[in-house]
file structure13.csv (CSV, N, CA and C atoms)
chain,number,residue,atom,x,y,z
A,1,MET,N,-37.7,-0.3,21.9
A,1,MET,CA,-37.8,-0.9,20.6
A,1,MET,C,-37.5,0.2,19.6
A,2,THR,N,-36.6,-0.2,18.7
A,2,THR,CA,-36.3,0.7,17.6
A,2,THR,C,-35.9,-0.1,16.4
A,3,ASP,N,-36.1,0.5,15.2
A,3,ASP,CA,-35.7,-0.1,14.0
A,3,ASP,C,-34.2,0.1,13.7
A,4,ASP,N,-33.5,1.0,14.5
A,4,ASP,CA,-32.1,1.2,14.4
A,4,ASP,C,-31.3,0.5,15.5
A,5,ARG,N,-30.7,-0.6,15.2
A,5,ARG,CA,-30.0,-1.4,16.2
A,5,ARG,C,-28.9,-0.6,16.9
A,6,ASP,N,-28.1,0.1,16.1
A,6,ASP,CA,-27.0,0.9,16.7
A,6,ASP,C,-27.5,2.0,17.7
A,7,ARG,N,-28.6,2.6,17.3
A,7,ARG,CA,-29.2,3.6,18.2
A,7,ARG,C,-29.7,3.0,19.5
A,8,GLY,N,-30.3,1.8,19.4
A,8,GLY,CA,-30.8,1.1,20.5
A,8,GLY,C,-29.7,0.7,21.5
A,9,GLU,N,-28.6,0.2,20.9
A,9,GLU,CA,-27.5,-0.2,21.7
A,9,GLU,C,-26.9,1.0,22.4
A,10,ASP,N,-26.8,2.2,21.8
A,10,ASP,CA,-26.3,3.4,22.4
A,10,ASP,C,-27.2,3.8,23.6
A,11,VAL,N,-28.5,3.7,23.4
A,11,VAL,CA,-29.5,4.0,24.5
A,11,VAL,C,-29.3,3.1,25.7
A,12,LEU,N,-29.2,1.8,25.4
A,12,LEU,CA,-28.9,0.8,26.4
A,12,LEU,C,-27.6,1.1,27.2
A,13,ALA,N,-26.6,1.5,26.5
A,13,ALA,CA,-25.3,1.7,27.1
A,13,ALA,C,-25.4,2.9,28.1
A,14,VAL,N,-26.3,3.8,27.9
A,14,VAL,CA,-26.5,4.9,28.8
A,14,VAL,C,-27.5,4.5,29.9
A,15,LEU,N,-28.6,3.9,29.5
A,15,LEU,CA,-29.7,3.6,30.4
A,15,LEU,C,-29.4,2.6,31.5
A,16,LEU,N,-28.8,1.5,31.1
A,16,LEU,CA,-28.5,0.4,32.0
A,16,LEU,C,-27.6,0.8,33.2
A,17,PRO,N,-26.5,1.5,33.0
A,17,PRO,CA,-25.7,2.0,34.1
A,17,PRO,C,-26.5,2.9,35.1
A,18,LEU,N,-27.3,3.8,34.5
A,18,LEU,CA,-28.2,4.7,35.3
A,18,LEU,C,-29.1,3.9,36.2
A,19,LEU,N,-29.8,2.9,35.6
A,19,LEU,CA,-30.7,2.1,36.3
A,19,LEU,C,-30.0,1.3,37.4
A,20,ASN,N,-28.8,0.7,37.1
A,20,ASN,CA,-28.1,0.0,38.1
A,20,ASN,C,-27.5,0.8,39.2
A,21,ALA,N,-27.3,2.1,38.9
A,21,ALA,CA,-26.7,3.0,40.0
A,21,ALA,C,-27.8,3.6,40.9
A,22,CYS,N,-29.1,3.5,40.4
A,22,CYS,CA,-30.2,4.1,41.2
A,22,CYS,C,-30.5,3.1,42.4
A,23,THR,N,-30.3,3.6,43.6
A,23,THR,CA,-30.6,2.7,44.8
A,23,THR,C,-32.0,2.5,45.0
A,24,ALA,N,-32.9,3.3,44.5
A,24,ALA,CA,-34.4,3.2,44.7
A,24,ALA,C,-35.0,2.1,43.8
A,25,LEU,N,-34.2,1.7,42.7
A,25,LEU,CA,-34.8,0.7,41.8
A,25,LEU,C,-33.9,-0.5,41.7
A,26,GLN,N,-34.5,-1.6,41.4
A,26,GLN,CA,-33.7,-2.8,41.1
A,26,GLN,C,-34.1,-3.3,39.7
A,27,ALA,N,-33.1,-3.3,38.9
A,27,ALA,CA,-33.3,-3.7,37.5
A,27,ALA,C,-32.8,-5.1,37.2
A,28,GLY,N,-33.6,-5.9,36.5
A,28,GLY,CA,-33.1,-7.2,36.1
A,28,GLY,C,-32.3,-7.2,34.9
A,29,GLU,N,-31.8,-8.3,34.4
A,29,GLU,CA,-31.0,-8.4,33.2
A,29,GLU,C,-31.9,-8.2,32.0
A,30,PRO,N,-31.4,-7.4,31.1
A,30,PRO,CA,-32.2,-7.2,29.8
A,30,PRO,C,-32.3,-8.4,29.0
A,31,THR,N,-33.4,-8.6,28.4
A,31,THR,CA,-33.7,-9.7,27.5
A,31,THR,C,-33.9,-9.1,26.1
A,32,ARG,N,-33.1,-9.6,25.2
A,32,ARG,CA,-33.3,-9.1,23.8
A,32,ARG,C,-34.3,-10.0,23.1
A,33,LEU,N,-35.3,-9.4,22.5
A,33,LEU,CA,-36.3,-10.1,21.8
A,33,LEU,C,-36.1,-10.0,20.3
A,34,SER,N,-36.7,-10.8,19.5
A,34,SER,CA,-36.5,-10.7,18.1
A,34,SER,C,-37.3,-9.5,17.6
A,35,HIS,N,-36.7,-8.9,16.6
A,35,HIS,CA,-37.3,-7.7,16.0
A,35,HIS,C,-37.2,-7.8,14.5
A,36,ARG,N,-38.2,-7.3,13.8
A,36,ARG,CA,-38.1,-7.4,12.3
A,36,ARG,C,-36.8,-6.7,11.8
A,37,ASP,N,-36.4,-7.2,10.7
A,37,ASP,CA,-35.2,-6.6,10.1
A,37,ASP,C,-34.0,-6.6,11.0
A,38,SER,N,-33.3,-5.5,11.2
A,38,SER,CA,-32.1,-5.4,12.0
A,38,SER,C,-32.3,-4.5,13.2
A,39,GLY,N,-33.5,-4.3,13.6
A,39,GLY,CA,-33.8,-3.4,14.8
A,39,GLY,C,-33.4,-4.1,16.1
A,40,LEU,N,-33.8,-3.4,17.2
A,40,LEU,CA,-33.5,-3.9,18.5
A,40,LEU,C,-34.8,-3.8,19.4
A,41,ARG,N,-35.1,-4.8,20.1
A,41,ARG,CA,-36.2,-4.8,21.0
A,41,ARG,C,-35.7,-5.5,22.3
A,42,VAL,N,-35.8,-4.7,23.4
A,42,VAL,CA,-35.3,-5.2,24.7
A,42,VAL,C,-36.3,-5.0,25.8
A,43,VAL,N,-36.5,-5.9,26.7
A,43,VAL,CA,-37.3,-5.8,27.8
A,43,VAL,C,-36.5,-6.1,29.1
A,44,LEU,N,-36.8,-5.4,30.2
A,44,LEU,CA,-36.2,-5.7,31.5
A,44,LEU,C,-37.2,-5.4,32.6
A,45,ASP,N,-37.0,-6.1,33.7
A,45,ASP,CA,-37.9,-5.9,34.8
A,45,ASP,C,-37.3,-4.9,35.7
A,46,VAL,N,-38.0,-3.9,36.1
A,46,VAL,CA,-37.6,-2.8,37.0
A,46,VAL,C,-38.6,-2.7,38.1
A,47,GLN,N,-38.1,-2.8,39.3
A,47,GLN,CA,-39.0,-2.8,40.5
A,47,GLN,C,-38.4,-1.9,41.5
A,48,LEU,N,-39.2,-1.5,42.5
A,48,LEU,CA,-38.7,-0.7,43.6
A,48,LEU,C,-37.8,-1.6,44.4
A,49,ALA,N,-36.7,-1.0,44.9
A,49,ALA,CA,-35.7,-1.8,45.7
A,49,ALA,C,-36.4,-2.1,47.0
A,50,GLY,N,-36.2,-3.3,47.4
A,50,GLY,CA,-36.8,-3.8,48.7
A,50,GLY,C,-38.3,-4.1,48.6
A,51,ALA,N,-38.9,-4.1,47.5
A,51,ALA,CA,-40.3,-4.4,47.3
A,51,ALA,C,-40.5,-5.9,47.5
A,52,LEU,N,-41.6,-6.3,48.1
A,52,LEU,CA,-41.9,-7.7,48.3
A,52,LEU,C,-42.1,-8.4,46.9
A,53,THR,N,-41.4,-9.5,46.8
A,53,THR,CA,-41.5,-10.3,45.5
A,53,THR,C,-42.4,-11.5,45.8
A,54,VAL,N,-43.3,-11.8,45.0
A,54,VAL,CA,-44.2,-13.0,45.1
A,54,VAL,C,-44.0,-13.8,43.8
A,55,THR,N,-43.8,-15.1,44.0
A,55,THR,CA,-43.7,-16.0,42.9
A,55,THR,C,-44.8,-17.1,43.1
A,56,VAL,N,-45.6,-17.3,42.0
A,56,VAL,CA,-46.7,-18.2,42.1
A,56,VAL,C,-46.4,-19.3,41.1
A,57,GLU,N,-46.5,-20.5,41.5
A,57,GLU,CA,-46.3,-21.7,40.7
A,57,GLU,C,-47.6,-22.5,40.7
A,58,ARG,N,-47.9,-23.1,39.6
A,58,ARG,CA,-49.1,-23.9,39.5
A,58,ARG,C,-48.8,-25.2,40.2
A,59,ASP,N,-49.8,-25.6,41.1
A,59,ASP,CA,-49.6,-26.8,41.9
A,59,ASP,C,-50.3,-28.0,41.3
A,60,ASP,N,-51.4,-27.8,40.5
A,60,ASP,CA,-52.1,-28.9,39.9
A,60,ASP,C,-51.7,-29.1,38.5
A,61,ALA,N,-51.9,-30.3,38.0
A,61,ALA,CA,-51.6,-30.6,36.6
A,61,ALA,C,-52.6,-30.1,35.7
A,62,PRO,N,-52.3,-29.6,34.5
A,62,PRO,CA,-53.3,-29.2,33.6
A,62,PRO,C,-54.3,-30.3,33.3
A,63,THR,N,-55.6,-29.9,33.2
A,63,THR,CA,-56.6,-30.9,32.9
A,63,THR,C,-56.9,-31.2,31.5
A,64,GLY,N,-56.1,-30.5,30.6
A,64,GLY,CA,-56.3,-30.7,29.2
A,64,GLY,C,-57.3,-29.7,28.6
A,65,THR,N,-57.7,-29.9,27.4
A,65,THR,CA,-58.6,-28.9,26.8
A,65,THR,C,-60.0,-29.1,27.2
A,66,ARG,N,-60.7,-28.0,27.2
A,66,ARG,CA,-62.1,-28.1,27.6
A,66,ARG,C,-62.9,-28.3,26.3
A,67,THR,N,-63.8,-29.2,26.3
A,67,THR,CA,-64.7,-29.4,25.1
A,67,THR,C,-66.1,-29.3,25.5
A,68,ARG,N,-67.0,-28.9,24.6
A,68,ARG,CA,-68.4,-28.8,24.8
A,68,ARG,C,-69.0,-30.0,24.2
A,69,SER,N,-69.9,-30.7,24.9
A,69,SER,CA,-70.5,-31.9,24.3
A,69,SER,C,-71.9,-31.6,23.9
A,70,GLY,N,-72.3,-32.0,22.7
A,70,GLY,CA,-73.7,-32.0,22.3
A,70,GLY,C,-74.2,-30.6,21.9
A,71,GLY,N,-75.2,-30.5,21.0
A,71,GLY,CA,-75.8,-29.3,20.7
A,71,GLY,C,-74.9,-28.3,19.9
A,72,SER,N,-75.5,-27.3,19.5
A,72,SER,CA,-74.7,-26.2,18.8
A,72,SER,C,-74.3,-25.2,19.8
A,73,PRO,N,-73.3,-24.4,19.4
A,73,PRO,CA,-72.7,-23.4,20.3
A,73,PRO,C,-73.8,-22.4,20.7
A,74,VAL,N,-73.7,-21.9,21.9
A,74,VAL,CA,-74.6,-20.8,22.4
A,74,VAL,C,-74.3,-19.5,21.7
A,75,ARG,N,-75.3,-19.0,21.1
A,75,ARG,CA,-75.2,-17.7,20.4
A,75,ARG,C,-75.8,-16.6,21.3
A,76,ARG,N,-75.1,-15.5,21.3
A,76,ARG,CA,-75.7,-14.4,22.1
A,76,ARG,C,-76.0,-13.3,21.2
A,77,GLY,N,-77.1,-12.6,21.5
A,77,GLY,CA,-77.6,-11.5,20.6
A,77,GLY,C,-76.7,-10.3,20.8
A,78,ARG,N,-76.8,-9.4,19.9
A,78,ARG,CA,-76.0,-8.1,20.0
A,78,ARG,C,-76.5,-7.3,21.2
A,79,ALA,N,-75.6,-6.6,21.8
A,79,ALA,CA,-76.0,-5.7,22.9
A,79,ALA,C,-76.8,-4.6,22.4
A,80,LYS,N,-77.8,-4.1,23.1
A,80,LYS,CA,-78.6,-3.0,22.7
A,80,LYS,C,-78.0,-1.7,23.2
A,81,CYS,N,-78.1,-0.7,22.4
A,81,CYS,CA,-77.6,0.6,22.7
A,81,CYS,C,-78.5,1.3,23.7
A,82,ALA,N,-78.0,2.0,24.7
A,82,ALA,CA,-78.8,2.7,25.6
A,82,ALA,C,-79.4,4.0,25.0
A,83,LEU,N,-78.8,4.5,24.0
A,83,LEU,CA,-79.2,5.7,23.3
A,83,LEU,C,-79.6,5.4,21.9
A,84,SER,N,-80.6,6.0,21.4
A,84,SER,CA,-81.0,5.8,20.0
A,84,SER,C,-80.0,6.5,19.1
A,85,PRO,N,-79.8,6.0,17.9
A,85,PRO,CA,-78.9,6.7,17.0
A,85,PRO,C,-79.2,8.1,16.6
A,86,THR,N,-80.5,8.5,16.7
A,86,THR,CA,-80.9,9.9,16.4
A,86,THR,C,-80.8,10.8,17.5
A,87,GLY,N,-80.4,10.3,18.7
A,87,GLY,CA,-80.2,11.2,19.8
A,87,GLY,C,-81.3,11.2,20.7
call {"tool": "encode", "arguments": {"input": "structure13.csv", "output": "structure tokens"}}
result
Amino acid sequence: MTDDRDRGEDVLAVLLPLLNACTALQAGEPTRLSHRDSGLRVVLDVQLAGALTVTVERDDAPTGTRTRSGGSPVRRGRAKCALSPTG
């Protein structure tokens, strides 16, 4: 992430070929994210080559929002310090 888009593009131009040439790593495609003003913000997934990949997908349908019925919300007291402020 940088506020200088040109500098960010220059860094990517050097970094991406290095990552792609490295046989120990496997780099995904870069994703450009929005950045304030004219800067550059890029993320990419880099993993060890040959590492096990696990994909998890939700099998059940969302149950909706959880609501609490009746009564007022549960309030918890402040945690007590183990040491007194005077030492």
call {"tool": "closest_residue", "arguments": {"input": "structure13.csv", "among": "A:Leu15, A:Pro30, A:Arg5, A:Asp10", "to": "A:Val42", "atoms": "all atoms listed in the file"}}
result
A:Pro30
call {"tool": "closest_residue", "arguments": {"input": "structure13.csv", "among": "A:Gln26, A:Thr2, A:Thr31, A:Asn20", "to": "A:Leu48", "atoms": "only N, CA and C atoms"}}
result
A:Gln26
call {"tool": "residues_around", "arguments": {"input": "structure13.csv", "residues": "A:Gly28", "least_positions_apart": "3", "cutoff": "6.5 Å", "atoms": "all atoms listed in the file", "output": "PyMOL selection string"}}
result
chain A and resi 44-47
call {"tool": "atom_distance", "arguments": {"input": "structure13.csv", "atom1": "atom CA of A:Thr55", "atom2": "atom C of A:Val43"}}
result
18.4 Å
call {"tool": "atom_distance", "arguments": {"input": "structure13.csv", "atom1": "atom CA of A:Asp6", "atom2": "atom CA of A:Asp37"}}
result
12.9 Å
call {"tool": "atom_distance", "arguments": {"input": "structure13.csv", "atom1": "atom N of A:Asp3", "atom2": "atom C of A:Gly39"}}
result
5.4 Å
call {"tool": "residues_around", "arguments": {"input": "structure13.csv", "residues": "A:Arg41", "least_positions_apart": "4", "cutoff": "6.5 Å", "atoms": "all atoms listed in the file", "output": "JSON, numbers by chain"}}
result
{"A": [1, 2, 31, 32, 33, 34, 35]}
call {"tool": "closest_residue", "arguments": {"input": "structure13.csv", "among": "A:Asp59, A:Gly50, A:Glu29, A:Ser38", "to": "A:Leu12", "atoms": "only C-alpha atoms"}}
result
A:Glu29
call {"tool": "closest_residue", "arguments": {"input": "structure13.csv", "among": "A:Glu9, A:Arg36, A:Ala49, A:Asp4", "to": "A:Ala24", "atoms": "only C-alpha atoms"}}
result
A:Ala49
call {"tool": "build_atoms", "arguments": {"input": "structure13.csv", "residues": "stretch 10-21 of chain A", "atoms": "all heavy atoms", "output": "short mmCIF file (atom, residue, chain, number, x, y, z; two decimals), keeping the file's coordinate frame"}}
result
data_model
loop_
_atom_site.label_atom_id
_atom_site.label_comp_id
_atom_site.auth_asym_id
_atom_site.auth_seq_id
_atom_site.Cartn_x
_atom_site.Cartn_y
_atom_site.Cartn_z
N ASP A 10 -26.80 2.20 21.80
CA ASP A 10 -26.30 3.40 22.40
C ASP A 10 -27.20 3.80 23.60
O ASP A 10 -26.72 4.19 24.63
CB ASP A 10 -26.29 4.55 21.38
CG ASP A 10 -25.21 4.37 20.32
OD1 ASP A 10 -24.31 3.51 20.53
OD2 ASP A 10 -25.28 5.06 19.29
N VAL A 11 -28.50 3.70 23.40
CA VAL A 11 -29.50 4.00 24.50
C VAL A 11 -29.30 3.10 25.70
O VAL A 11 -29.23 3.49 26.82
CB VAL A 11 -30.93 4.03 23.99
CG1 VAL A 11 -31.91 4.14 25.15
CG2 VAL A 11 -31.15 5.16 23.00
N LEU A 12 -29.20 1.80 25.40
CA LEU A 12 -28.90 0.80 26.40
C LEU A 12 -27.60 1.10 27.20
O LEU A 12 -27.55 0.92 28.40
CB LEU A 12 -28.89 -0.61 25.87
CG LEU A 12 -30.22 -1.29 25.64
CD1 LEU A 12 -30.01 -2.66 25.02
CD2 LEU A 12 -31.01 -1.41 26.93
N ALA A 13 -26.60 1.50 26.50
CA ALA A 13 -25.30 1.70 27.10
C ALA A 13 -25.40 2.90 28.10
O ALA A 13 -24.64 2.91 29.07
CB ALA A 13 -24.25 2.07 26.00
N VAL A 14 -26.30 3.80 27.90
CA VAL A 14 -26.50 4.90 28.80
C VAL A 14 -27.50 4.50 29.90
O VAL A 14 -27.30 4.81 31.09
CB VAL A 14 -26.97 6.19 28.07
CG1 VAL A 14 -27.37 7.28 29.05
CG2 VAL A 14 -25.90 6.67 27.11
N LEU A 15 -28.60 3.90 29.50
CA LEU A 15 -29.70 3.60 30.40
C LEU A 15 -29.40 2.60 31.50
O LEU A 15 -29.71 2.76 32.65
CB LEU A 15 -30.93 3.21 29.60
CG LEU A 15 -32.21 2.97 30.39
CD1 LEU A 15 -32.65 4.25 31.09
CD2 LEU A 15 -33.31 2.47 29.46
N LEU A 16 -28.80 1.50 31.10
CA LEU A 16 -28.50 0.40 32.00
C LEU A 16 -27.60 0.80 33.20
O LEU A 16 -27.94 0.52 34.36
CB LEU A 16 -27.93 -0.82 31.32
CG LEU A 16 -28.92 -1.54 30.42
CD1 LEU A 16 -28.24 -2.70 29.70
CD2 LEU A 16 -30.12 -2.03 31.19
N PRO A 17 -26.50 1.50 33.00
CA PRO A 17 -25.70 2.00 34.10
C PRO A 17 -26.50 2.90 35.10
O PRO A 17 -26.33 2.90 36.28
CB PRO A 17 -24.51 2.70 33.51
CG PRO A 17 -24.37 2.10 32.16
CD PRO A 17 -25.77 1.79 31.73
N LEU A 18 -27.30 3.80 34.50
CA LEU A 18 -28.20 4.70 35.30
C LEU A 18 -29.10 3.90 36.20
O LEU A 18 -29.31 4.17 37.34
CB LEU A 18 -28.94 5.65 34.41
CG LEU A 18 -28.13 6.74 33.72
CD1 LEU A 18 -28.99 7.53 32.76
CD2 LEU A 18 -27.49 7.66 34.76
N LEU A 19 -29.80 2.90 35.60
CA LEU A 19 -30.70 2.10 36.30
C LEU A 19 -30.00 1.30 37.40
O LEU A 19 -30.49 1.18 38.55
CB LEU A 19 -31.46 1.08 35.42
CG LEU A 19 -32.57 1.67 34.57
CD1 LEU A 19 -33.07 0.63 33.57
CD2 LEU A 19 -33.71 2.16 35.43
N ASN A 20 -28.80 0.70 37.10
CA ASN A 20 -28.10 0.00 38.10
C ASN A 20 -27.50 0.80 39.20
O ASN A 20 -27.37 0.38 40.35
CB ASN A 20 -26.96 -0.79 37.41
CG ASN A 20 -27.50 -1.93 36.56
OD1 ASN A 20 -28.52 -2.52 36.85
ND2 ASN A 20 -26.80 -2.23 35.48
N ALA A 21 -27.30 2.10 38.90
CA ALA A 21 -26.70 3.00 40.00
C ALA A 21 -27.80 3.60 40.90
O ALA A 21 -27.54 4.05 41.96
CB ALA A 21 -25.99 4.18 39.29
#
